[in-house]
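**Student:** One file: structure_19.txt (compact mmCIF, C-alpha atoms and all ligand atoms).
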# COMPACT_ATOMS: atom_id res chain seq x y z
CA MET A 20 19.52 174.06 -125.47
CA GLN A 21 22.80 173.57 -123.57
CA LEU A 22 22.88 175.77 -120.46
CA THR A 23 26.12 177.53 -119.55
CA ARG A 24 27.75 176.89 -116.19
CA GLU A 25 26.51 180.27 -114.97
CA GLN A 26 22.94 179.51 -116.05
CA GLN A 27 23.07 176.15 -114.27
CA MET A 28 24.33 177.86 -111.11
CA ILE A 29 21.51 180.40 -111.19
CA GLN A 30 18.95 177.65 -111.73
CA LYS A 31 20.39 175.72 -108.78
CA THR A 32 20.45 178.76 -106.48
CA ALA A 33 16.86 179.68 -107.36
CA ARG A 34 15.74 176.06 -106.96
CA GLU A 35 17.32 175.69 -103.53
CA PHE A 36 15.85 178.97 -102.31
CA ALA A 37 12.38 178.29 -103.74
CA ARG A 38 12.08 174.73 -102.46
CA ARG A 39 13.49 175.61 -99.05
CA ASP A 40 11.95 179.04 -98.37
CA LEU A 41 8.89 179.40 -100.60
CA ALA A 42 7.39 175.93 -100.95
CA ALA A 43 6.84 175.44 -97.23
CA LEU A 44 4.89 178.71 -96.93
CA ALA A 45 2.93 178.69 -100.18
CA ALA A 46 -0.21 176.88 -98.94
CA GLU A 47 -0.50 178.97 -95.79
CA ARG A 48 0.08 182.22 -97.66
CA ASP A 49 -2.54 181.22 -100.20
CA LYS A 50 -5.04 180.42 -97.46
CA ASN A 51 -4.41 183.64 -95.53
CA HIS A 52 -3.95 185.83 -98.60
CA GLU A 53 -0.60 186.79 -97.10
CA TYR A 54 1.80 188.88 -99.18
CA PRO A 55 5.29 187.26 -99.31
CA ALA A 56 7.12 190.37 -98.05
CA GLU A 57 9.92 188.53 -96.24
CA SER A 58 10.58 186.22 -99.15
CA LEU A 59 10.76 189.15 -101.55
CA LYS A 60 13.38 190.79 -99.35
CA LYS A 61 15.45 187.59 -99.48
CA MET A 62 14.96 187.43 -103.23
CA GLY A 63 16.39 190.95 -103.46
CA GLU A 64 19.45 189.81 -101.51
CA LEU A 65 19.83 186.80 -103.81
CA GLY A 66 19.72 188.97 -106.93
CA LEU A 67 16.36 187.64 -108.12
CA LEU A 68 14.73 191.08 -108.34
CA GLY A 69 17.17 192.78 -110.69
CA MET A 70 18.10 189.93 -112.97
CA LEU A 71 18.01 192.01 -116.16
CA VAL A 72 19.41 195.21 -114.65
CA PRO A 73 23.07 196.19 -115.27
CA GLU A 74 25.46 196.23 -112.32
CA GLN A 75 25.76 200.04 -112.37
CA TYR A 76 22.12 200.17 -111.22
CA GLY A 77 22.48 197.45 -108.62
CA GLY A 78 21.46 194.46 -110.73
CA GLU A 79 23.17 191.39 -112.08
CA GLU A 80 22.32 191.59 -115.81
CA LEU A 81 22.23 187.83 -116.06
CA GLY A 82 20.23 187.63 -119.27
CA THR A 83 16.78 186.39 -120.18
CA VAL A 84 17.67 182.69 -120.23
CA SER A 85 18.89 182.89 -116.63
CA TYR A 86 15.82 184.94 -115.76
CA VAL A 87 13.36 182.37 -117.12
CA LEU A 88 15.25 179.55 -115.39
CA ALA A 89 14.96 181.35 -112.04
CA MET A 90 11.33 182.28 -112.67
CA THR A 91 10.46 178.65 -113.42
CA GLU A 92 11.97 177.59 -110.08
CA VAL A 93 10.17 180.28 -108.08
CA ALA A 94 6.84 179.43 -109.75
CA TYR A 95 7.41 175.73 -109.07
CA ALA A 96 7.20 176.60 -105.38
CA CYS A 97 4.81 179.57 -105.32
CA ALA A 98 3.05 181.10 -108.33
CA ALA A 99 1.87 184.12 -106.34
CA THR A 100 5.44 185.10 -105.47
CA ALA A 101 6.47 184.41 -109.07
CA VAL A 102 3.95 186.84 -110.57
CA ILE A 103 5.21 189.64 -108.30
CA MET A 104 8.77 188.77 -109.36
CA SER A 105 7.72 188.76 -113.02
CA VAL A 106 5.94 192.13 -113.10
CA HIS A 107 8.74 193.75 -111.07
CA ASN A 108 11.71 192.32 -112.99
CA SER A 109 10.47 192.40 -116.49
CA ILE A 110 7.79 194.98 -117.20
CA CYS A 111 8.91 197.42 -114.50
CA CYS A 112 12.73 197.20 -114.39
CA GLY A 113 12.72 196.60 -118.15
CA SER A 114 10.66 199.71 -118.94
CA LEU A 115 12.77 201.88 -116.64
CA LEU A 116 15.92 200.63 -118.34
CA ARG A 117 14.54 201.20 -121.83
CA PHE A 118 12.77 204.52 -121.31
CA GLY A 119 13.99 205.99 -118.00
CA THR A 120 16.19 209.08 -117.74
CA GLU A 121 19.54 208.63 -116.00
CA ASP A 122 18.08 210.31 -112.88
CA GLN A 123 15.07 207.99 -112.85
CA LYS A 124 17.29 204.92 -113.21
CA GLN A 125 19.64 206.11 -110.46
CA LYS A 126 16.76 206.90 -108.14
CA TYR A 127 14.64 203.77 -108.55
CA LEU A 128 16.59 200.83 -109.92
CA LYS A 129 18.92 200.27 -106.95
CA PRO A 130 16.12 200.01 -104.36
CA MET A 131 14.12 197.94 -106.83
CA THR A 132 16.87 195.39 -107.36
CA ALA A 133 17.44 195.20 -103.59
CA GLY A 134 13.76 194.47 -103.01
CA ASP A 135 13.23 197.67 -100.98
CA ILE A 136 10.84 198.94 -103.64
CA ILE A 137 8.54 196.51 -105.43
CA CYS A 138 7.09 198.02 -108.58
CA SER A 139 3.75 197.33 -110.30
CA PHE A 140 2.37 198.06 -113.73
CA ALA A 141 -0.97 199.84 -114.17
CA LEU A 142 -2.35 199.55 -117.67
CA SER A 143 -5.81 197.93 -117.52
CA GLU A 144 -9.00 199.75 -116.63
CA PRO A 145 -12.59 198.71 -115.95
CA GLU A 146 -13.43 199.33 -119.64
CA ALA A 147 -9.99 198.75 -121.16
CA GLY A 148 -8.54 195.24 -120.75
CA SER A 149 -7.51 193.57 -124.00
CA ASP A 150 -7.81 196.97 -125.71
CA PRO A 151 -5.64 199.25 -123.56
CA ALA A 152 -5.56 201.95 -126.24
CA SER A 153 -9.14 202.78 -125.25
CA MET A 154 -8.11 203.78 -121.71
CA GLN A 155 -9.85 206.71 -120.06
CA THR A 156 -7.49 207.69 -117.24
CA THR A 157 -6.26 211.19 -118.04
CA ALA A 158 -3.06 213.08 -117.30
CA GLU A 159 -3.35 216.82 -117.84
CA LYS A 160 -0.28 219.01 -117.79
CA ASP A 161 -0.43 221.74 -115.14
CA GLY A 162 2.80 223.74 -114.71
CA ASP A 163 5.53 221.39 -113.63
CA SER A 164 3.13 218.50 -112.93
CA TYR A 165 0.62 216.21 -114.58
CA ILE A 166 -2.75 215.77 -112.89
CA LEU A 167 -3.97 212.16 -113.10
CA ASN A 168 -7.64 211.19 -112.86
CA GLY A 169 -9.18 207.75 -113.37
CA THR A 170 -9.30 204.15 -112.21
CA LYS A 171 -6.89 201.31 -112.99
CA ARG A 172 -8.02 197.71 -112.55
CA TRP A 173 -6.45 194.24 -111.98
CA ILE A 174 -3.24 195.72 -110.65
CA THR A 175 -0.92 193.05 -109.29
CA GLY A 176 0.55 194.50 -106.09
CA GLY A 177 -1.93 197.39 -106.03
CA ALA A 178 -2.17 197.29 -102.23
CA THR A 179 1.48 196.55 -101.51
CA SER A 180 3.87 197.98 -104.11
CA LYS A 181 5.55 201.32 -103.46
CA LEU A 182 6.07 202.31 -107.08
CA PHE A 183 3.81 202.06 -110.14
CA ILE A 184 4.25 202.54 -113.85
CA VAL A 185 0.92 204.11 -114.72
CA LEU A 186 -0.40 204.62 -118.24
CA ALA A 187 -2.68 207.61 -118.79
CA ARG A 188 -4.05 209.64 -121.65
CA THR A 189 -2.27 212.95 -122.26
CA ASP A 190 -4.03 213.63 -125.58
CA PRO A 191 -7.68 212.58 -125.91
CA GLU A 192 -7.62 212.91 -129.72
CA ALA A 193 -4.50 210.88 -130.51
CA GLY A 194 -5.56 207.25 -129.92
CA HIS A 195 -2.67 205.09 -128.78
CA LYS A 196 -0.24 207.91 -129.58
CA GLY A 197 -1.97 210.03 -126.93
CA ILE A 198 -0.96 207.75 -124.06
CA SER A 199 1.98 208.46 -121.73
CA ALA A 200 3.68 206.51 -118.94
CA PHE A 201 4.33 207.87 -115.43
CA LEU A 202 6.28 206.76 -112.40
CA VAL A 203 3.87 207.14 -109.50
CA THR A 204 4.78 206.52 -105.87
CA ARG A 205 2.28 205.45 -103.25
CA ASP A 206 2.79 208.62 -101.21
CA MET A 207 1.67 210.98 -104.00
CA GLU A 208 -1.39 212.98 -103.05
CA GLY A 209 -4.54 211.90 -104.84
CA PHE A 210 -3.41 208.29 -105.15
CA ALA A 211 -5.38 205.55 -103.38
CA THR A 212 -5.80 201.81 -103.50
CA GLY A 213 -9.32 200.76 -104.45
CA ARG A 214 -11.15 197.48 -104.02
CA LEU A 215 -9.22 194.27 -103.42
CA GLU A 216 -10.24 191.44 -105.77
CA ASP A 217 -11.35 188.19 -104.14
CA LYS A 218 -9.58 185.87 -106.55
CA MET A 219 -9.71 182.19 -107.35
CA GLY A 220 -5.93 181.66 -107.18
CA GLN A 221 -2.52 183.28 -106.68
CA CYS A 222 -4.06 184.63 -103.48
CA ALA A 223 -0.80 185.67 -101.81
CA SER A 224 -0.40 188.33 -104.47
CA ASP A 225 -2.94 191.12 -104.06
CA THR A 226 -4.85 192.48 -107.06
CA THR A 227 -6.61 195.80 -106.66
CA ASP A 228 -7.96 198.91 -108.32
CA LEU A 229 -5.88 202.08 -108.21
CA LEU A 230 -7.77 205.34 -107.86
CA PHE A 231 -6.39 208.64 -109.09
CA THR A 232 -8.19 211.78 -107.94
CA ASN A 233 -6.35 214.91 -109.04
CA CYS A 234 -3.14 213.02 -108.36
CA ARG A 235 -0.26 215.42 -108.94
CA VAL A 236 2.73 213.75 -110.58
CA PRO A 237 5.87 215.87 -111.17
CA VAL A 238 6.89 216.19 -114.85
CA ASP A 239 10.20 214.50 -114.14
CA HIS A 240 8.17 211.35 -113.40
CA LEU A 241 7.13 211.04 -117.03
CA LEU A 242 8.65 207.75 -118.30
CA GLY A 243 9.71 208.12 -121.91
CA ASN A 244 8.36 210.95 -124.02
CA GLU A 245 4.84 212.25 -123.89
CA GLY A 246 2.75 210.07 -126.23
CA GLU A 247 5.19 207.16 -126.02
CA GLY A 248 3.28 205.33 -123.28
CA PHE A 249 1.66 202.72 -125.51
CA ILE A 250 5.08 201.66 -126.80
CA VAL A 251 6.39 201.59 -123.20
CA ALA A 252 3.49 199.25 -122.36
CA MET A 253 3.76 197.01 -125.42
CA SER A 254 7.51 196.51 -125.19
CA GLY A 255 7.13 196.03 -121.42
CA LEU A 256 4.54 193.35 -122.08
CA ASP A 257 6.95 191.51 -124.38
CA ASP A 258 9.28 191.29 -121.39
CA GLY A 259 6.41 190.48 -119.05
CA ARG A 260 4.96 187.71 -121.18
CA ILE A 261 8.17 185.75 -121.24
CA GLY A 262 8.12 185.87 -117.43
CA ILE A 263 4.54 184.57 -117.38
CA ALA A 264 5.49 181.83 -119.86
CA ALA A 265 8.29 180.73 -117.50
CA LEU A 266 5.92 180.97 -114.54
CA SER A 267 3.49 178.68 -116.39
CA LEU A 268 6.30 176.23 -117.08
CA GLY A 269 7.19 176.09 -113.37
CA LEU A 270 3.57 175.45 -112.41
CA GLY A 271 3.21 172.74 -115.06
CA GLN A 272 6.42 171.04 -113.94
CA ALA A 273 5.27 171.12 -110.31
CA ALA A 274 1.93 169.55 -111.26
CA LEU A 275 3.65 166.85 -113.29
CA ASP A 276 6.01 166.02 -110.42
CA GLN A 277 3.11 165.87 -107.95
CA ALA A 278 1.20 163.53 -110.27
CA VAL A 279 4.21 161.23 -110.70
CA ASP A 280 4.81 161.01 -106.93
CA TYR A 281 1.17 160.29 -106.26
CA ALA A 282 0.81 157.72 -109.04
CA ARG A 283 3.82 155.82 -107.69
CA GLN A 284 2.49 155.57 -104.15
CA ARG A 285 -1.28 155.32 -104.61
CA VAL A 286 -2.31 151.65 -104.59
CA GLN A 287 -5.63 150.51 -106.06
CA PHE A 288 -6.60 147.04 -107.25
CA GLY A 289 -3.49 145.75 -105.47
CA ARG A 290 -0.84 147.79 -107.33
CA PRO A 291 0.36 151.39 -107.70
CA ILE A 292 -1.87 153.23 -110.16
CA ALA A 293 1.33 154.21 -112.05
CA GLN A 294 1.32 150.65 -113.42
CA ASN A 295 -1.91 151.22 -115.32
CA GLN A 296 -1.44 151.97 -118.99
CA GLY A 297 -4.17 154.64 -119.04
CA LEU A 298 -2.33 156.56 -116.36
CA ARG A 299 1.11 156.03 -117.92
CA TRP A 300 -0.17 157.55 -121.18
CA MET A 301 -1.51 160.51 -119.25
CA ILE A 302 1.91 161.03 -117.58
CA ALA A 303 3.59 160.73 -120.99
CA ASP A 304 1.27 163.39 -122.45
CA MET A 305 1.84 165.70 -119.50
CA ALA A 306 5.64 165.31 -119.64
CA THR A 307 5.65 165.98 -123.40
CA ASP A 308 3.48 169.05 -122.94
CA VAL A 309 5.77 170.44 -120.21
CA GLU A 310 8.86 169.78 -122.33
CA ALA A 311 7.35 171.47 -125.41
CA ALA A 312 6.60 174.55 -123.30
CA ARG A 313 10.17 174.52 -121.92
CA GLN A 314 11.64 174.53 -125.42
CA LEU A 315 9.42 177.45 -126.51
CA VAL A 316 10.30 179.44 -123.38
CA LEU A 317 14.05 178.85 -123.73
CA ASN A 318 13.97 179.56 -127.46
CA ALA A 319 12.20 182.90 -126.94
CA ALA A 320 14.57 183.80 -124.08
CA ASP A 321 17.62 182.92 -126.15
CA LYS A 322 16.38 185.01 -129.09
CA LYS A 323 15.83 187.93 -126.73
CA ASP A 324 19.36 187.56 -125.37
CA GLN A 325 20.68 187.61 -128.97
CA GLY A 326 18.94 190.99 -129.38
CA GLU A 327 16.61 189.59 -132.06
CA ARG A 328 13.02 190.78 -132.52
CA CYS A 329 10.97 188.14 -130.78
CA SER A 330 7.42 189.35 -129.97
CA LYS A 331 6.11 186.36 -131.95
CA GLU A 332 8.27 183.80 -130.14
CA ILE A 333 7.41 185.36 -126.76
CA SER A 334 3.68 185.25 -127.50
CA MET A 335 4.00 181.66 -128.72
CA ALA A 336 5.76 180.72 -125.48
CA LYS A 337 3.15 182.55 -123.37
CA LEU A 338 0.25 181.03 -125.31
CA TYR A 339 1.53 177.47 -125.24
CA ALA A 340 2.95 177.42 -121.73
CA SER A 341 -0.12 179.00 -120.10
CA GLU A 342 -2.50 176.63 -121.91
CA MET A 343 -0.17 173.74 -121.01
CA ALA A 344 -0.25 174.71 -117.32
CA ASN A 345 -4.05 174.56 -117.39
CA ARG A 346 -4.07 171.17 -119.13
CA VAL A 347 -1.36 169.66 -116.95
CA THR A 348 -2.67 170.90 -113.59
CA GLY A 349 -6.11 169.52 -114.58
CA GLN A 350 -4.62 166.14 -115.47
CA ALA A 351 -2.52 166.10 -112.29
CA LEU A 352 -5.66 166.73 -110.26
CA GLN A 353 -7.37 163.87 -112.10
CA VAL A 354 -4.49 161.54 -111.21
CA HIS A 355 -5.07 162.42 -107.54
CA GLY A 356 -8.76 161.53 -107.81
CA GLY A 357 -10.90 162.78 -104.92
CA TYR A 358 -7.79 163.79 -102.92
CA GLY A 359 -6.84 166.23 -105.66
CA TYR A 360 -10.07 168.09 -105.07
CA THR A 361 -9.13 168.80 -101.46
CA LYS A 362 -6.70 171.28 -99.96
CA GLU A 363 -4.78 168.38 -98.42
CA PHE A 364 -2.75 168.09 -101.64
CA PRO A 365 -0.92 171.02 -103.30
CA VAL A 366 -2.33 170.12 -106.70
CA GLU A 367 -5.62 171.84 -105.79
CA ARG A 368 -3.75 175.16 -105.40
CA LEU A 369 -1.74 174.59 -108.58
CA TYR A 370 -4.98 174.05 -110.50
CA ARG A 371 -6.46 177.32 -109.21
CA ASP A 372 -3.20 179.23 -109.66
CA ALA A 373 -2.92 178.12 -113.29
CA ARG A 374 -6.29 179.44 -114.36
CA VAL A 375 -5.29 183.11 -114.67
CA LEU A 376 -2.21 182.36 -116.78
CA THR A 377 -4.20 182.34 -120.03
CA ILE A 378 -5.78 185.66 -119.02
CA TYR A 379 -3.30 188.13 -117.52
CA GLU A 380 -0.58 189.90 -119.52
CA GLY A 381 -2.69 189.27 -122.62
CA THR A 382 -5.25 186.49 -122.99
CA SER A 383 -4.52 183.51 -125.23
CA GLU A 384 -6.67 185.19 -127.85
CA ILE A 385 -4.49 188.34 -127.70
CA GLN A 386 -1.33 186.19 -128.05
CA LYS A 387 -2.88 184.68 -131.18
CA MET A 388 -3.48 188.20 -132.55
CA VAL A 389 0.17 189.07 -131.99
CA ILE A 390 1.38 185.80 -133.56
CA ALA A 391 -0.97 186.07 -136.55
CA ASN A 392 0.02 189.72 -137.16
CA GLU A 393 3.66 188.66 -137.29
CA VAL A 394 3.09 185.56 -139.40
CA LEU A 395 0.92 187.39 -141.90
CA GLY A 396 3.23 190.43 -141.82
CA ASP A 397 0.40 192.85 -142.49
CA LYS A 398 0.97 195.12 -139.46
CA LYS A 399 3.67 197.78 -139.13
CA LYS A 400 6.69 196.45 -137.19
CA PRO A 401 7.38 198.02 -133.77
CA LYS A 402 10.41 200.34 -133.71
CA LYS A 403 11.58 199.43 -130.15
N1 LIG B 1 6.79 196.45 -128.91
C1 LIG B 1 6.87 197.76 -129.26
N2 LIG B 1 5.86 198.40 -129.90
C2 LIG B 1 4.77 197.70 -130.23
C3 LIG B 1 4.63 196.34 -129.92
C4 LIG B 1 5.72 195.71 -129.23
N3 LIG B 1 5.66 194.43 -128.88
N4 LIG B 1 3.44 195.90 -130.36
C5 LIG B 1 2.83 196.95 -130.95
N5 LIG B 1 3.65 198.03 -130.88
C6 LIG B 1 3.40 199.36 -131.42
C7 LIG B 1 3.10 199.28 -132.94
O1 LIG B 1 4.27 199.27 -133.72
C8 LIG B 1 2.32 200.57 -133.14
O2 LIG B 1 3.21 201.65 -133.16
P1 LIG B 1 3.06 202.87 -134.23
O3 LIG B 1 1.77 203.55 -133.92
O4 LIG B 1 4.25 203.73 -133.99
O5 LIG B 1 3.01 202.23 -135.57
C9 LIG B 1 1.52 200.68 -131.84
O6 LIG B 1 2.22 199.91 -130.86
C10 LIG B 1 0.10 200.18 -131.97
O7 LIG B 1 0.14 198.83 -132.39
P2 LIG B 1 -1.16 198.04 -132.82
O8 LIG B 1 -1.87 198.81 -133.89
O9 LIG B 1 -0.77 196.63 -133.10
O10 LIG B 1 -2.02 198.14 -131.47
P3 LIG B 1 -3.47 197.61 -131.12
O11 LIG B 1 -4.21 198.70 -130.43
O12 LIG B 1 -4.08 196.95 -132.31
O13 LIG B 1 -3.16 196.51 -129.99
C11 LIG B 1 -2.58 194.42 -129.02
C12 LIG B 1 -2.34 195.44 -130.16
C13 LIG B 1 -1.47 193.39 -129.20
C14 LIG B 1 -3.92 193.76 -129.12
C15 LIG B 1 -2.44 195.13 -127.65
O14 LIG B 1 -3.50 196.01 -127.43
C16 LIG B 1 -2.36 194.17 -126.48
O15 LIG B 1 -1.31 193.60 -126.21
N6 LIG B 1 -3.49 193.98 -125.75
C17 LIG B 1 -3.49 193.19 -124.52
C18 LIG B 1 -3.18 194.03 -123.33
C19 LIG B 1 -2.59 193.24 -122.21
O16 LIG B 1 -1.78 192.34 -122.41
N7 LIG B 1 -2.96 193.59 -120.99
C20 LIG B 1 -2.42 192.94 -119.86
C21 LIG B 1 -2.47 193.86 -118.69
S1 LIG B 1 -1.01 193.88 -117.75
C22 LIG B 1 -1.11 192.61 -116.66
O17 LIG B 1 -1.90 191.72 -116.76
C23 LIG B 1 -0.02 192.70 -115.66
C24 LIG B 1 -0.25 192.10 -114.35
O18 LIG B 1 -0.46 192.78 -113.38
C25 LIG B 1 -0.07 190.61 -114.19
Rewrite the structure from the file as structure tokens, please.
**Tutor:**
Amino acid sequence: MQLTREQQMIQKTAREFARRDLAALAAERDKNHEYPAESLKKMGELGLLGMLVPEQYGGEELGTVSYVLAMTEVAYACAATAVIMSVHNSICCGSLLRFGTEDQKQKYLKPMTAGDIICSFALSEPEAGSDPASMQTTAEKDGDSYILNGTKRWITGGATSKLFIVLARTDPEAGHKGISAFLVTRDMEGFATGRLEDKMGQCASDTTDLLFTNCRVPVDHLLGNEGEGFIVAMSGLDDGRIGIAALSLGLGQAALDQAVDYARQRVQFGRPIAQNQGLRWMIADMATDVEAARQLVLNAADKKDQGERCSKEISMAKLYASEMANRVTGQALQVHGGYGYTKEFPVERLYRDARVLTIYEGTSEIQKMVIANEVLGDKKKPKK
């Protein structure tokens, strides 16, 4: 795909920022589990937190292709920062744009695009991961409020974000049609952050439970109509998954580049290991894998920009790119030999950071369900 001048500019700006500001801090932030607050503020100033939001709400509306290009660059330097960027830009800003009232958009989108408010998405629960329609968190109408009760799990930014899109059950009898979406702010009474997960990777981005105990949410914080929450979540996840696909691509590219650098300079048996055919074939496989993922990501992004239905292409990109990132980071670690297994080389972090990519925002198995449903055409098509 031929990038426009504007897309190339955005890629260059994101690359310069990520390699200058994020890369240098990524290892330390990972080690200390330090949230990248300062970097997120700068990203707001650079327009990286409202990339799909129209100018009237403070964004740049640069399109999905530009968005995935920028996401790839940010992930190349720091996957933990990239996942915060992804959830915020795509699921959160996207859902507000699609389902928000004019007042909600006016109130939240400007501070979100500026990076003053980072938003998170709360769908999963202890007993509802791949099957969110079985969620148990309830939202009961009481006068001009809804009262939320329940626990959300695996929430990216649960300890740090100021705003949350929370899915809760407003009708216990109506299955997925009984779920509604709410805009919940951290200061609402009855809202608390629960346990912090001690994760394997992406440690600079916190992942926590959210606890709702008679949390009173004003009715004007309902996002979309009552009962429309599952559609808010599913269409939000289409947006989110393309971000995670691009994140995976950035991680894979970083691992490939690290492996190439190392193979060129590591001398064994009197010559750089890059001169060994076994290693050259490995590099060729890795480069082909990264390129295949890039084409799937750009194709899905382009289709989205053309306004075409593209859940299948997005799931294909997420499936392939996240599996690729796991393969390629593993191979890059192998190229580094024993050094790759130490924290002296960034490839160790890339390997850990890649592992969750085939799990969050829909496991690989869920992506295959979405793809198969579309290919076989035996499920009702989504309306939005
Ligand atoms: N867009 C809009 N609507 C959609 C849709 C889409 N992409 N996909 C489905 N829908 C609609 C359907 O049209 C249907 O609507 P109607 O009732 O009006 O006909 C409704 O949603 C139900 O569809 P299904 O019957 O297909 O739903 P299902 O219960 O069988 O589930 C699923 C389908 C794809 C498996 C879905 O449950 C799913 O995606 N599961 C995985 C959940 C997930 O990805 N969780 C990640 C958590 S978020 C996270 O990780 C974020 C983070 O912090 C990093």
**Student:** Interatomic distance between atom CA of A:Phe288 and atom CA of A:Ile302?
**Tutor:** 19.4 Å
**Student:** Dig up all the protein and nucleic acid residues within 10 Å of (8.1, 195.3, -120.3) in the file frame, using all atoms listed in the file, and format them as a ChimeraX atom specification.
**Tutor:** /A:105-117,140,250-262
**Student:** Can you tell me which residues sit at most 8 Å away from ligand LIG 1 (chain B), counting only C-alpha atoms and all ligand atoms, written as a PyMOL selection string?
**Tutor:** chain A and resi 102-103+106+139-143+148-152+173-176+195-196+226+249-257+259+330+378-382+385-386+388-389+398-403
**Student:** Distance cut-off 8 Å, centre (17.9, 178.5, -113.5) in file coordinates, counting only C-alpha atoms: which residues qualify? Return them as an MDAnalysis selection string.
**Tutor:** chainID A and resid 26:34 84:92
**Student:** Can you work out the spacing between atom CA of A:Glu159 and atom CA of A:Glu192 in Å, to one decimal?
**Tutor:** 13.2 Å
**Student:** Between atom CA of A:Gly349 and atom CA of A:Ser58, measure the distance and give it in Å to one decimal.
**Tutor:**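 Pair atom CA of A:Gly349 / atom CA of A:Ser58 returns 28.2 Å.
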**Student:** Please provide the set of residues having any atom within 10 Å of A:Asp239, restricted to all atoms listed in the file, with same-chain residues fewer than 4 positions apart removed, written as a PDB file with C-alpha atoms, in the coordinates of the input.
**Tutor:**
ATOM      1  CA  THR A 120      16.190 209.080-117.740  1.00  0.00           C
ATOM      2  CA  ASP A 122      18.080 210.310-112.880  1.00  0.00           C
ATOM      3  CA  GLN A 123      15.070 207.990-112.850  1.00  0.00           C
ATOM      4  CA  ASP A 163       5.530 221.390-113.630  1.00  0.00           C
ATOM      5  CA  SER A 164       3.130 218.500-112.930  1.00  0.00           C
ATOM      6  CA  TYR A 165       0.620 216.210-114.580  1.00  0.00           C
ATOM      7  CA  PHE A 201       4.330 207.870-115.430  1.00  0.00           C
ATOM      8  CA  LEU A 202       6.280 206.760-112.400  1.00  0.00           C
TER       9      LEU A 202
END
**Student:** Counting only C-alpha atoms, which of A:Phe36, A:Gly194, A:Tyr281, A:Gly248 gets nearest to A:Val93?
**Tutor:**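 Of the candidates, the smallest distance to A:Val93 is held by A:Phe36.
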**Student:** Of the candidates A:Ile390, A:Leu128, A:Ala200, A:Leu395, which shows the shortest atom-to-atom distance to A:Val72, using only C-alpha atoms?
**Tutor:**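 Of A:Ile390, A:Leu128, A:Ala200, A:Leu395, the one nearest A:Val72 is A:Leu128, counting only C-alpha atoms.
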**Student:** If we count all atoms listed in the file and set the cut-off at 6 Å, which residues sit around A:Met70, ignoring sequence neighbours fewer than 5 positions away in its own chain? Please answer as number ranges by chain.
**Tutor:** A: 79-81
**Student:** Restricted to C-alpha atoms, what would the selected residues look like written as a CSV table (one decimal), keeping the file's coordinate frame?
**Tutor:**
chain,number,residue,atom,x,y,z
A,79,GLU,CA,23.2,191.4,-112.1
A,80,GLU,CA,22.3,191.6,-115.8
A,81,LEU,CA,22.2,187.8,-116.1
**Student:** Considering all atoms listed in the file, return as an NGL selection string whatever protein or nucleic-acid residues lie within 10 Å of A:Ala56, sequence-local ones (same chain, fewer than 3 positions apart) excluded.
**Tutor:** :A and (53 or 59-62 or 100 or 134-135 or 137 or 179 or 223)
**Student:** Using all atoms listed in the file, which residues sit within 10 Å of stretch 218-220 of chain A once same-chain residues fewer than 3 positions away are excluded, as a list in words?
**Tutor:** Asp49, Lys50, His52, Ala98, Ala99, Leu215, Ala223, Ser224, Asp225, Thr226, Glu367, Arg368, Leu369, Tyr370, Arg371, Asp372, Ala373, Arg374 and Val375 of chain A
